[in-house]
Number of protein chains: 2
Amino acid sequence: MAATTISPFHGKLSSNVCSPLKLNLSRSFYRPLVVATSSTMEQQNKSYWAAIETQIDTHLKKSITIRPPTTVFEPMHHLTFSASKSTAPPLCVAACELVGGSADDAITAASAIHLMHASAFTHEHLPLSDGPIHVGSTVEHMFKPNIELMTPDGMVPFGFELLGLSEQAQKNSDRILRVMIEISRAVGSQGMVDGMYQEMLHAESKGQDEEIVEYVCKKKEGELHACAAACGAILGGGSEEEIEKLRKYGLYVGMIQGMVNGAGKNKEGRFEIVKKLKGLALKELEMFDGKNVDRISTLLEV
Amino acid sequence: MAATTISPFHGKLSSNVCSPLKLNLSRSFYRPLVVATSSTMEQQNKSYWAAIETQIDTHLKKSITIRPPTTVFEPMHHLTFSASKSTAPPLCVAACELVGGSADDAITAASAIHLMHASAFTHEHLPLSDGPIHVGSTVEHMFKPNIELMTPDGMVPFGFELLGLSEQAQKNSDRILRVMIEISRAVGSQGMVDGMYQEMLHAESKGQDEEIVEYVCKKKEGELHACAAACGAILGGGSEEEIEKLRKYGLYVGMIQGMVNGAGKNKEGRFEIVKKLKGLALKELEMFDGKNVDRISTLLEV
C-alpha cells in the first residue's frame, strides 16, 4: 500500500499543531480547571487536576500513536489533541478517587470520554455545503472536510475499543459494560446529539428562550459530565447512592460549563442560574467527606 | 420543550420513505441475497435469508421507534432503513446458527452491525462544502446536511448501547465485550474508515490500481463481513477454530461484494478475482457440515 505517502493535511501545518495544548487555550469551553491563588490548598488542588490531565493525555498519546495507515492516524492524533478541553474526563477520574478507587481504574474511561467529546467538537465545526452545525464557527481547519468527517467516525469506536481492551474489562467486565452503556447514552441521540441539534436551531432562530438554553446546556455539557462522574464512581466501586449523587453533581458541573462557556455564555441572568446550580451541586457532595470533596468541588470555580 | 414540533425534513417526504426496503433496491451494494431458482433447496435458502432479514428489521424497528426527541428519532429511523442493505448482518446470524447457536443470540449484534453500516453509508454521501466522500454520489437526500451528519453520530453509540443492554450481555458479558471490540475495529480507523478514505483517493485520481481496489474491498465490505461472521460464531459459542474459519469466510464474502458492487464493480478482470475468492471462501467452510453449510454458502452466489 502506498497509503502512507499521501498527506491528509489541508494546508501547511503550523508548528502549533504539534503543541495541541497551546493551541487549545483560545478555544471555546476551555477554562483553567482551578483559579490560581496563593493558598497551599488551592495550589495542591491545581496540581491534582494538572496531574490527572497529564495522565489522560499520556494514555491517549500512547493509544493513538501515529502509525500506518498514517492517512488515518495522523489526523486522528491531531484532532484528538486540538479539540477543546472538557472538564468531563478529569471529573471521571476524581469521582473514581472520591469513592475510594484508584485513578488508574478510570483513566481509560476518561480517555474514551475525551475521544467522544473531541469527535463531537470536530463534527460540530465541519464545513457542510450549507454551513457548520455550530452556527458562526470560526475554528481553523487543519484538514480537508472529508478527513474531518471520517476521522471522528474512527475516534468513537476507538473509544469503545479502548474500554473493551482495558485491564478493567478483564477484571470486571460488568463494570466496563455499564460504563459503555453510560457513554453511549450520553453522547448519543438522546444526549449530546440532541443538545447539538437544539443549539443549532436556537442559534439559527437567534432565540433567547431560557428553557431551550438550559436544555442545551443539560444535554451537551450536563449529561457528558453526569456520565463521566457516574462512570468514575462505577469504576471506583462506589455504592448505587454514591453513583447517583455523583451523576447529579456532574450534571450541575456540566450545566455550569454550558452556561459560562457554551450556549448560555451570552445570556442575561446566567450568573443567577450558575449560582443556583452551584448550590445544587454542593448539596450532592454532602454525603462525602475528606479533602477529596474540597478537591472535586473546585470544578465549580468557573 | 417545543422540540417535537420542529420538522427535520429537508424537503417533502415521498411515500417511498415509509417503505424503505422498496427505496433501497436501486442503491449501490444491494443485491438479492439468493438467486431465485425453481429448486426446492434454493427456495428454502431464499426463505431462510428473508426470515433473517425480517428478524433484524423487526428488532431495529422495535428499538428505533419514533419517539421524543422526534427531531432526532425521526431521521434516525429513516436513515437506518433507507441506507443500502449489506449482507453482513444476516451473515452474523447465519454464522451463529452454523456453530450451533440460536438466531436470537445474534440478532442484536446483527442489528448493531447494520446501524454501523447505515451510519457510514449516510456519512459517505454527505454533502460537504467540497463534495461528498463517495465521489460522484447521486444519493437522494431526505434531510438537511446537518441532520445527515448528526444522526449517524447517534446511531453508532446506539448500536453499542443495544449490545450492552442485550439479554446476551446479562448471560455472558465476556462474549458481548468481545463482540463490541470486534465491531469497533471493523468500523474504525483501521477498518471501514481506512477503506472509505482509500476509495475516495482512488476515485479522485481515477486510478485503476488493482492492489488499491482489492485493499478497499477488503477494508470496507471485507472486514465488516469478517467481523459479522466472527461475532455470530462468538455469540453462538463456536470454538476458536470455528470463529477464525468463519472470520475468513466472511472476509471473502465481503470482498466479493466489494468487487461486484463496490470499488471493484467497473474493474477489468474482476470476474477472475471473484472466482478465486469464491474458491478460498468455500475452503473455509470445509470443516463444517450439514445443510447449514449449503445455506451460508449461497452468499457466494452474486
# chains A, B, ... in the order shown; residues from 1 in each chain; ligands from 1
$ closest_atom_pairs --of "chain A" --to "chain B" --cutoff "6 Å" --atoms "only C-alpha atoms" --output "tab-separated table"
residue	atom	partner	partner_atom	distance
A:Pro127	CA	B:Ser129	CA	5.6
A:Leu128	CA	B:Leu128	CA	4.2
A:Ser129	CA	B:Ser129	CA	4.0
A:Ile133	CA	B:Asn146	CA	5.9
A:Asn146	CA	B:Ile133	CA	5.9
A:Gly154	CA	B:Gly188	CA	4.2
A:Pro157	CA	B:Ser184	CA	4.6
A:Glu161	CA	B:Ile181	CA	5.1
A:Gly164	CA	B:Ile181	CA	5.9
A:Leu177	CA	B:Gly164	CA	6.0
A:Ile181	CA	B:Glu161	CA	5.1
A:Ser184	CA	B:Pro157	CA	4.6
A:Gly188	CA	B:Gly154	CA	4.2
A:Ser189	CA	B:Gly154	CA	4.5
$ write_last_selection --atoms "C-alpha atoms" --output "mmCIF file, in the first residue's frame"
data_model
loop_
_atom_site.group_PDB
_atom_site.id
_atom_site.type_symbol
_atom_site.label_atom_id
_atom_site.label_comp_id
_atom_site.auth_asym_id
_atom_site.auth_seq_id
_atom_site.Cartn_x
_atom_site.Cartn_y
_atom_site.Cartn_z
ATOM 1 C CA PRO A 127 -17.874 22.792 6.808
ATOM 2 C CA LEU A 128 -21.026 21.275 5.306
ATOM 3 C CA SER A 129 -22.423 22.501 1.987
ATOM 4 C CA ILE A 133 -23.744 22.765 12.806
ATOM 5 C CA ASN A 146 -13.741 14.730 4.247
ATOM 6 C CA GLY A 154 -12.999 6.291 13.738
ATOM 7 C CA PRO A 157 -15.452 3.210 18.025
ATOM 8 C CA GLU A 161 -12.309 -0.456 21.783
ATOM 9 C CA GLY A 164 -13.163 -3.246 25.818
ATOM 10 C CA LEU A 177 -20.195 -2.860 30.083
ATOM 11 C CA ILE A 181 -23.851 1.959 28.135
ATOM 12 C CA SER A 184 -23.415 5.520 24.589
ATOM 13 C CA GLY A 188 -25.996 9.579 21.510
ATOM 14 C CA SER A 189 -29.366 10.616 20.153
#
$ select_by_dssp --residues "segment 212-267 of chain A" --states "alpha helix (DSSP H)" --output "compact mmCIF listing (two decimals) with C-alpha atoms, in the first residue's frame"
# COMPACT_ATOMS: atom_id res chain seq x y z
CA ILE A 212 -34.01 26.00 25.46
CA VAL A 213 -30.67 27.40 26.61
CA GLU A 214 -30.85 25.39 29.82
CA TYR A 215 -31.96 22.32 27.89
CA VAL A 216 -28.96 22.60 25.55
CA CYS A 217 -26.56 23.02 28.49
CA GLU A 223 -25.08 14.84 30.52
CA LEU A 224 -21.48 14.29 29.44
CA HIS A 225 -20.27 15.41 32.87
CA ALA A 226 -23.03 13.41 34.61
CA CYS A 227 -21.93 10.34 32.67
CA ALA A 228 -18.26 11.00 33.43
CA ALA A 229 -18.85 11.28 37.18
CA ALA A 230 -21.14 8.23 37.23
CA CYS A 231 -18.59 6.18 35.25
CA GLY A 232 -15.81 7.18 37.64
CA ALA A 233 -17.94 6.13 40.61
CA ILE A 234 -18.88 2.82 38.94
CA LEU A 235 -15.24 2.02 38.18
CA GLU A 240 -25.51 2.98 43.93
CA GLU A 241 -26.22 6.01 46.14
CA GLU A 242 -22.72 7.38 45.56
CA ILE A 243 -23.03 6.81 41.81
CA GLU A 244 -26.32 8.70 41.66
CA LYS A 245 -25.09 11.58 43.85
CA LEU A 246 -22.02 11.98 41.66
CA ARG A 247 -24.11 11.72 38.49
CA LYS A 248 -26.18 14.68 39.70
CA TYR A 249 -23.07 16.57 40.78
CA GLY A 250 -21.63 16.04 37.29
CA LEU A 251 -24.87 17.22 35.68
CA TYR A 252 -24.68 20.54 37.55
CA VAL A 253 -20.94 20.95 36.87
CA GLY A 254 -21.56 20.43 33.15
CA MET A 255 -24.58 22.75 33.06
CA ILE A 256 -22.46 25.45 34.70
CA GLN A 257 -19.82 24.93 32.00
CA GLY A 258 -22.54 25.29 29.37
CA MET A 259 -23.93 28.46 30.97
CA VAL A 260 -20.48 30.05 31.22
CA ASN A 261 -18.76 28.84 28.04
$ atom_distance --atom1 "atom CA of Glu284 of chain A" --atom2 "atom CA of Thr108 of chain A"
25.3 Å
$ residues_around --residues "Asn45 of chain B" --least-positions-apart "3" --cutoff "9 Å" --atoms "only C-alpha atoms" --output "compact mmCIF listing (two decimals) with C-alpha atoms, in the first residue's frame"
# COMPACT_ATOMS: atom_id res chain seq x y z
CA VAL B 34 -30.06 -15.53 -3.18
CA THR B 40 -36.79 -26.70 -3.52
CA MET B 41 -33.48 -26.32 -1.72
CA GLU B 42 -32.84 -22.93 -3.23
CA TYR B 48 -34.11 -18.64 5.24
CA TRP B 49 -32.36 -15.34 4.36
CA ALA B 50 -35.65 -13.49 4.03
CA ASP B 294 -25.21 -25.07 1.83
CA ARG B 295 -27.30 -22.23 3.16
CA ILE B 296 -24.44 -20.00 4.25
CA THR B 298 -25.38 -19.19 -1.05
$ residues_around --residues "segment 98-101 of chain A" --least-positions-apart "6" --cutoff "7 Å" --atoms "only C-alpha atoms" --output "PDB file with all heavy atoms, in the first residue's frame"
ATOM      1  N   ALA A 233     -17.447   6.766  39.385  1.00  0.00           N
ATOM      2  CA  ALA A 233     -17.938   6.131  40.608  1.00  0.00           C
ATOM      3  C   ALA A 233     -18.166   4.627  40.405  1.00  0.00           C
ATOM      4  O   ALA A 233     -17.869   3.820  41.297  1.00  0.00           O
ATOM      5  CB  ALA A 233     -19.232   6.816  41.061  1.00  0.00           C
ATOM      6  N   GLY A 236     -14.789   2.974  40.357  1.00  0.00           N
ATOM      7  CA  GLY A 236     -14.137   3.016  41.674  1.00  0.00           C
ATOM      8  C   GLY A 236     -14.831   2.140  42.698  1.00  0.00           C
ATOM      9  O   GLY A 236     -14.439   2.117  43.861  1.00  0.00           O
ATOM     10  N   GLY A 237     -15.900   1.453  42.260  1.00  0.00           N
ATOM     11  CA  GLY A 237     -16.601   0.557  43.185  1.00  0.00           C
ATOM     12  C   GLY A 237     -17.540   1.285  44.129  1.00  0.00           C
ATOM     13  O   GLY A 237     -17.841   0.797  45.232  1.00  0.00           O
ATOM     14  N   GLY A 238     -18.037   2.458  43.727  1.00  0.00           N
ATOM     15  CA  GLY A 238     -18.963   3.217  44.575  1.00  0.00           C
ATOM     16  C   GLY A 238     -20.307   2.515  44.734  1.00  0.00           C
ATOM     17  O   GLY A 238     -20.674   1.669  43.909  1.00  0.00           O
ATOM     18  N   ASN A 292     -10.853  15.108  49.595  1.00  0.00           N
ATOM     19  CA  ASN A 292     -11.233  14.877  48.208  1.00  0.00           C
ATOM     20  C   ASN A 292     -12.475  15.664  47.801  1.00  0.00           C
ATOM     21  O   ASN A 292     -12.660  15.975  46.627  1.00  0.00           O
ATOM     22  CB  ASN A 292     -11.481  13.384  47.962  1.00  0.00           C
ATOM     23  CG  ASN A 292     -10.184  12.604  48.007  1.00  0.00           C
ATOM     24  OD1 ASN A 292      -9.107  13.194  48.110  1.00  0.00           O
ATOM     25  ND2 ASN A 292     -10.276  11.283  47.952  1.00  0.00           N
TER      26      ASN A 292
END
$ atom_distance --atom1 "atom CA of Glu210 of chain A" --atom2 "atom CA of Leu282 of chain A"
23.3 Å
$ atom_distance --atom1 "atom CA of Ile113 of chain B" --atom2 "atom CA of His117 of chain A"
23.0 Å
$ decode --residues "segment 193-208 of chain A" --atoms "all heavy atoms" --output "PDB file, in the first residue's frame"
ATOM      1  N   VAL A 193     -26.124  14.592  20.961  1.00  0.00           N
ATOM      2  CA  VAL A 193     -26.626  14.856  19.608  1.00  0.00           C
ATOM      3  C   VAL A 193     -27.895  15.709  19.669  1.00  0.00           C
ATOM      4  O   VAL A 193     -28.056  16.671  18.905  1.00  0.00           O
ATOM      5  CB  VAL A 193     -26.889  13.528  18.844  1.00  0.00           C
ATOM      6  CG1 VAL A 193     -27.649  13.780  17.551  1.00  0.00           C
ATOM      7  CG2 VAL A 193     -25.570  12.818  18.541  1.00  0.00           C
ATOM      8  N   ASP A 194     -28.763  15.397  20.614  1.00  0.00           N
ATOM      9  CA  ASP A 194     -29.982  16.193  20.790  1.00  0.00           C
ATOM     10  C   ASP A 194     -29.603  17.636  21.171  1.00  0.00           C
ATOM     11  O   ASP A 194     -30.148  18.600  20.613  1.00  0.00           O
ATOM     12  CB  ASP A 194     -30.850  15.541  21.882  1.00  0.00           C
ATOM     13  CG  ASP A 194     -32.198  16.235  22.051  1.00  0.00           C
ATOM     14  OD1 ASP A 194     -32.653  16.886  21.101  1.00  0.00           O
ATOM     15  OD2 ASP A 194     -32.781  16.114  23.148  1.00  0.00           O
ATOM     16  N   GLY A 195     -28.657  17.783  22.089  1.00  0.00           N
ATOM     17  CA  GLY A 195     -28.216  19.112  22.518  1.00  0.00           C
ATOM     18  C   GLY A 195     -27.632  19.928  21.379  1.00  0.00           C
ATOM     19  O   GLY A 195     -27.933  21.117  21.219  1.00  0.00           O
ATOM     20  N   MET A 196     -26.803  19.289  20.547  1.00  0.00           N
ATOM     21  CA  MET A 196     -26.188  19.987  19.407  1.00  0.00           C
ATOM     22  C   MET A 196     -27.263  20.462  18.434  1.00  0.00           C
ATOM     23  O   MET A 196     -27.206  21.577  17.912  1.00  0.00           O
ATOM     24  CB  MET A 196     -25.205  19.050  18.681  1.00  0.00           C
ATOM     25  CG  MET A 196     -23.863  18.906  19.368  1.00  0.00           C
ATOM     26  SD  MET A 196     -22.946  17.411  18.845  1.00  0.00           S
ATOM     27  CE  MET A 196     -22.573  17.792  17.146  1.00  0.00           C
ATOM     28  N   TYR A 197     -28.239  19.591  18.215  1.00  0.00           N
ATOM     29  CA  TYR A 197     -29.295  19.934  17.271  1.00  0.00           C
ATOM     30  C   TYR A 197     -30.126  21.113  17.779  1.00  0.00           C
ATOM     31  O   TYR A 197     -30.413  22.063  17.043  1.00  0.00           O
ATOM     32  CB  TYR A 197     -30.169  18.698  17.008  1.00  0.00           C
ATOM     33  CG  TYR A 197     -31.213  18.962  15.964  1.00  0.00           C
ATOM     34  CD1 TYR A 197     -30.848  19.261  14.654  1.00  0.00           C
ATOM     35  CD2 TYR A 197     -32.566  18.941  16.276  1.00  0.00           C
ATOM     36  CE1 TYR A 197     -31.795  19.540  13.687  1.00  0.00           C
ATOM     37  CE2 TYR A 197     -33.519  19.212  15.326  1.00  0.00           C
ATOM     38  CZ  TYR A 197     -33.132  19.512  14.030  1.00  0.00           C
ATOM     39  OH  TYR A 197     -34.070  19.797  13.075  1.00  0.00           O
ATOM     40  N   GLN A 198     -30.478  21.062  19.050  1.00  0.00           N
ATOM     41  CA  GLN A 198     -31.289  22.153  19.612  1.00  0.00           C
ATOM     42  C   GLN A 198     -30.503  23.454  19.648  1.00  0.00           C
ATOM     43  O   GLN A 198     -31.057  24.537  19.438  1.00  0.00           O
ATOM     44  CB  GLN A 198     -31.771  21.785  21.031  1.00  0.00           C
ATOM     45  CG  GLN A 198     -32.703  20.589  21.088  1.00  0.00           C
ATOM     46  CD  GLN A 198     -33.941  20.755  20.208  1.00  0.00           C
ATOM     47  OE1 GLN A 198     -34.431  21.844  19.989  1.00  0.00           O
ATOM     48  NE2 GLN A 198     -34.422  19.637  19.683  1.00  0.00           N
ATOM     49  N   GLU A 199     -29.192  23.354  19.912  1.00  0.00           N
ATOM     50  CA  GLU A 199     -28.365  24.565  19.942  1.00  0.00           C
ATOM     51  C   GLU A 199     -28.316  25.211  18.553  1.00  0.00           C
ATOM     52  O   GLU A 199     -28.398  26.431  18.416  1.00  0.00           O
ATOM     53  CB  GLU A 199     -26.943  24.221  20.409  1.00  0.00           C
ATOM     54  CG  GLU A 199     -26.078  25.469  20.578  1.00  0.00           C
ATOM     55  CD  GLU A 199     -24.669  25.144  21.071  1.00  0.00           C
ATOM     56  OE1 GLU A 199     -24.187  24.029  20.832  1.00  0.00           O
ATOM     57  OE2 GLU A 199     -24.074  26.021  21.711  1.00  0.00           O
ATOM     58  N   MET A 200     -28.207  24.360  17.531  1.00  0.00           N
ATOM     59  CA  MET A 200     -28.158  24.865  16.170  1.00  0.00           C
ATOM     60  C   MET A 200     -29.466  25.595  15.820  1.00  0.00           C
ATOM     61  O   MET A 200     -29.449  26.704  15.297  1.00  0.00           O
ATOM     62  CB  MET A 200     -27.935  23.690  15.226  1.00  0.00           C
ATOM     63  CG  MET A 200     -27.819  24.047  13.778  1.00  0.00           C
ATOM     64  SD  MET A 200     -27.819  22.536  12.790  1.00  0.00           S
ATOM     65  CE  MET A 200     -29.526  22.015  12.956  1.00  0.00           C
ATOM     66  N   LEU A 201     -30.586  24.961  16.153  1.00  0.00           N
ATOM     67  CA  LEU A 201     -31.881  25.582  15.872  1.00  0.00           C
ATOM     68  C   LEU A 201     -32.016  26.909  16.611  1.00  0.00           C
ATOM     69  O   LEU A 201     -32.500  27.900  16.072  1.00  0.00           O
ATOM     70  CB  LEU A 201     -33.023  24.657  16.310  1.00  0.00           C
ATOM     71  CG  LEU A 201     -33.259  23.417  15.469  1.00  0.00           C
ATOM     72  CD1 LEU A 201     -34.379  22.596  16.077  1.00  0.00           C
ATOM     73  CD2 LEU A 201     -33.606  23.795  14.028  1.00  0.00           C
ATOM     74  N   HIS A 202     -31.566  26.907  17.853  1.00  0.00           N
ATOM     75  CA  HIS A 202     -31.642  28.080  18.701  1.00  0.00           C
ATOM     76  C   HIS A 202     -30.797  29.213  18.108  1.00  0.00           C
ATOM     77  O   HIS A 202     -31.241  30.360  18.031  1.00  0.00           O
ATOM     78  CB  HIS A 202     -31.119  27.684  20.093  1.00  0.00           C
ATOM     79  CG  HIS A 202     -30.916  28.826  21.012  1.00  0.00           C
ATOM     80  ND1 HIS A 202     -31.956  29.557  21.524  1.00  0.00           N
ATOM     81  CD2 HIS A 202     -29.778  29.352  21.526  1.00  0.00           C
ATOM     82  CE1 HIS A 202     -31.460  30.493  22.313  1.00  0.00           C
ATOM     83  NE2 HIS A 202     -30.139  30.396  22.339  1.00  0.00           N
ATOM     84  N   ALA A 203     -29.603  28.880  17.639  1.00  0.00           N
ATOM     85  CA  ALA A 203     -28.715  29.896  17.063  1.00  0.00           C
ATOM     86  C   ALA A 203     -29.296  30.437  15.762  1.00  0.00           C
ATOM     87  O   ALA A 203     -29.239  31.636  15.490  1.00  0.00           O
ATOM     88  CB  ALA A 203     -27.332  29.293  16.812  1.00  0.00           C
ATOM     89  N   GLU A 204     -29.888  29.532  14.969  1.00  0.00           N
ATOM     90  CA  GLU A 204     -30.457  29.963  13.680  1.00  0.00           C
ATOM     91  C   GLU A 204     -31.620  30.937  13.888  1.00  0.00           C
ATOM     92  O   GLU A 204     -31.788  31.892  13.161  1.00  0.00           O
ATOM     93  CB  GLU A 204     -30.953  28.752  12.883  1.00  0.00           C
ATOM     94  CG  GLU A 204     -29.822  28.072  12.110  1.00  0.00           C
ATOM     95  CD  GLU A 204     -30.266  26.780  11.430  1.00  0.00           C
ATOM     96  OE1 GLU A 204     -31.396  26.320  11.685  1.00  0.00           O
ATOM     97  OE2 GLU A 204     -29.459  26.236  10.661  1.00  0.00           O
ATOM     98  N   SER A 205     -32.419  30.652  14.932  1.00  0.00           N
ATOM     99  CA  SER A 205     -33.593  31.499  15.176  1.00  0.00           C
ATOM    100  C   SER A 205     -33.236  32.706  16.033  1.00  0.00           C
ATOM    101  O   SER A 205     -34.070  33.553  16.294  1.00  0.00           O
ATOM    102  CB  SER A 205     -34.694  30.680  15.858  1.00  0.00           C
ATOM    103  OG  SER A 205     -34.272  30.319  17.161  1.00  0.00           O
ATOM    104  N   LYS A 206     -31.965  32.766  16.452  1.00  0.00           N
ATOM    105  CA  LYS A 206     -31.475  33.834  17.329  1.00  0.00           C
ATOM    106  C   LYS A 206     -32.363  34.015  18.563  1.00  0.00           C
ATOM    107  O   LYS A 206     -32.546  35.124  19.067  1.00  0.00           O
ATOM    108  CB  LYS A 206     -31.336  35.161  16.562  1.00  0.00           C
ATOM    109  CG  LYS A 206     -30.362  35.082  15.387  1.00  0.00           C
ATOM    110  CD  LYS A 206     -29.959  36.447  14.921  1.00  0.00           C
ATOM    111  CE  LYS A 206     -29.242  36.420  13.581  1.00  0.00           C
ATOM    112  NZ  LYS A 206     -28.163  35.446  13.469  1.00  0.00           N
ATOM    113  N   GLY A 207     -32.947  32.936  18.972  1.00  0.00           N
ATOM    114  CA  GLY A 207     -33.826  32.969  20.132  1.00  0.00           C
ATOM    115  C   GLY A 207     -33.030  33.097  21.420  1.00  0.00           C
ATOM    116  O   GLY A 207     -31.844  32.829  21.465  1.00  0.00           O
ATOM    117  N   GLN A 208     -33.699  33.547  22.441  1.00  0.00           N
ATOM    118  CA  GLN A 208     -33.037  33.651  23.749  1.00  0.00           C
ATOM    119  C   GLN A 208     -33.886  32.932  24.787  1.00  0.00           C
ATOM    120  O   GLN A 208     -33.854  33.266  25.968  1.00  0.00           O
ATOM    121  CB  GLN A 208     -32.848  35.128  24.135  1.00  0.00           C
ATOM    122  CG  GLN A 208     -31.592  35.758  23.511  1.00  0.00           C
ATOM    123  CD  GLN A 208     -30.285  35.203  24.064  1.00  0.00           C
ATOM    124  OE1 GLN A 208     -30.177  34.894  25.235  1.00  0.00           O
ATOM    125  NE2 GLN A 208     -29.287  35.069  23.205  1.00  0.00           N
TER     126      GLN A 208
END
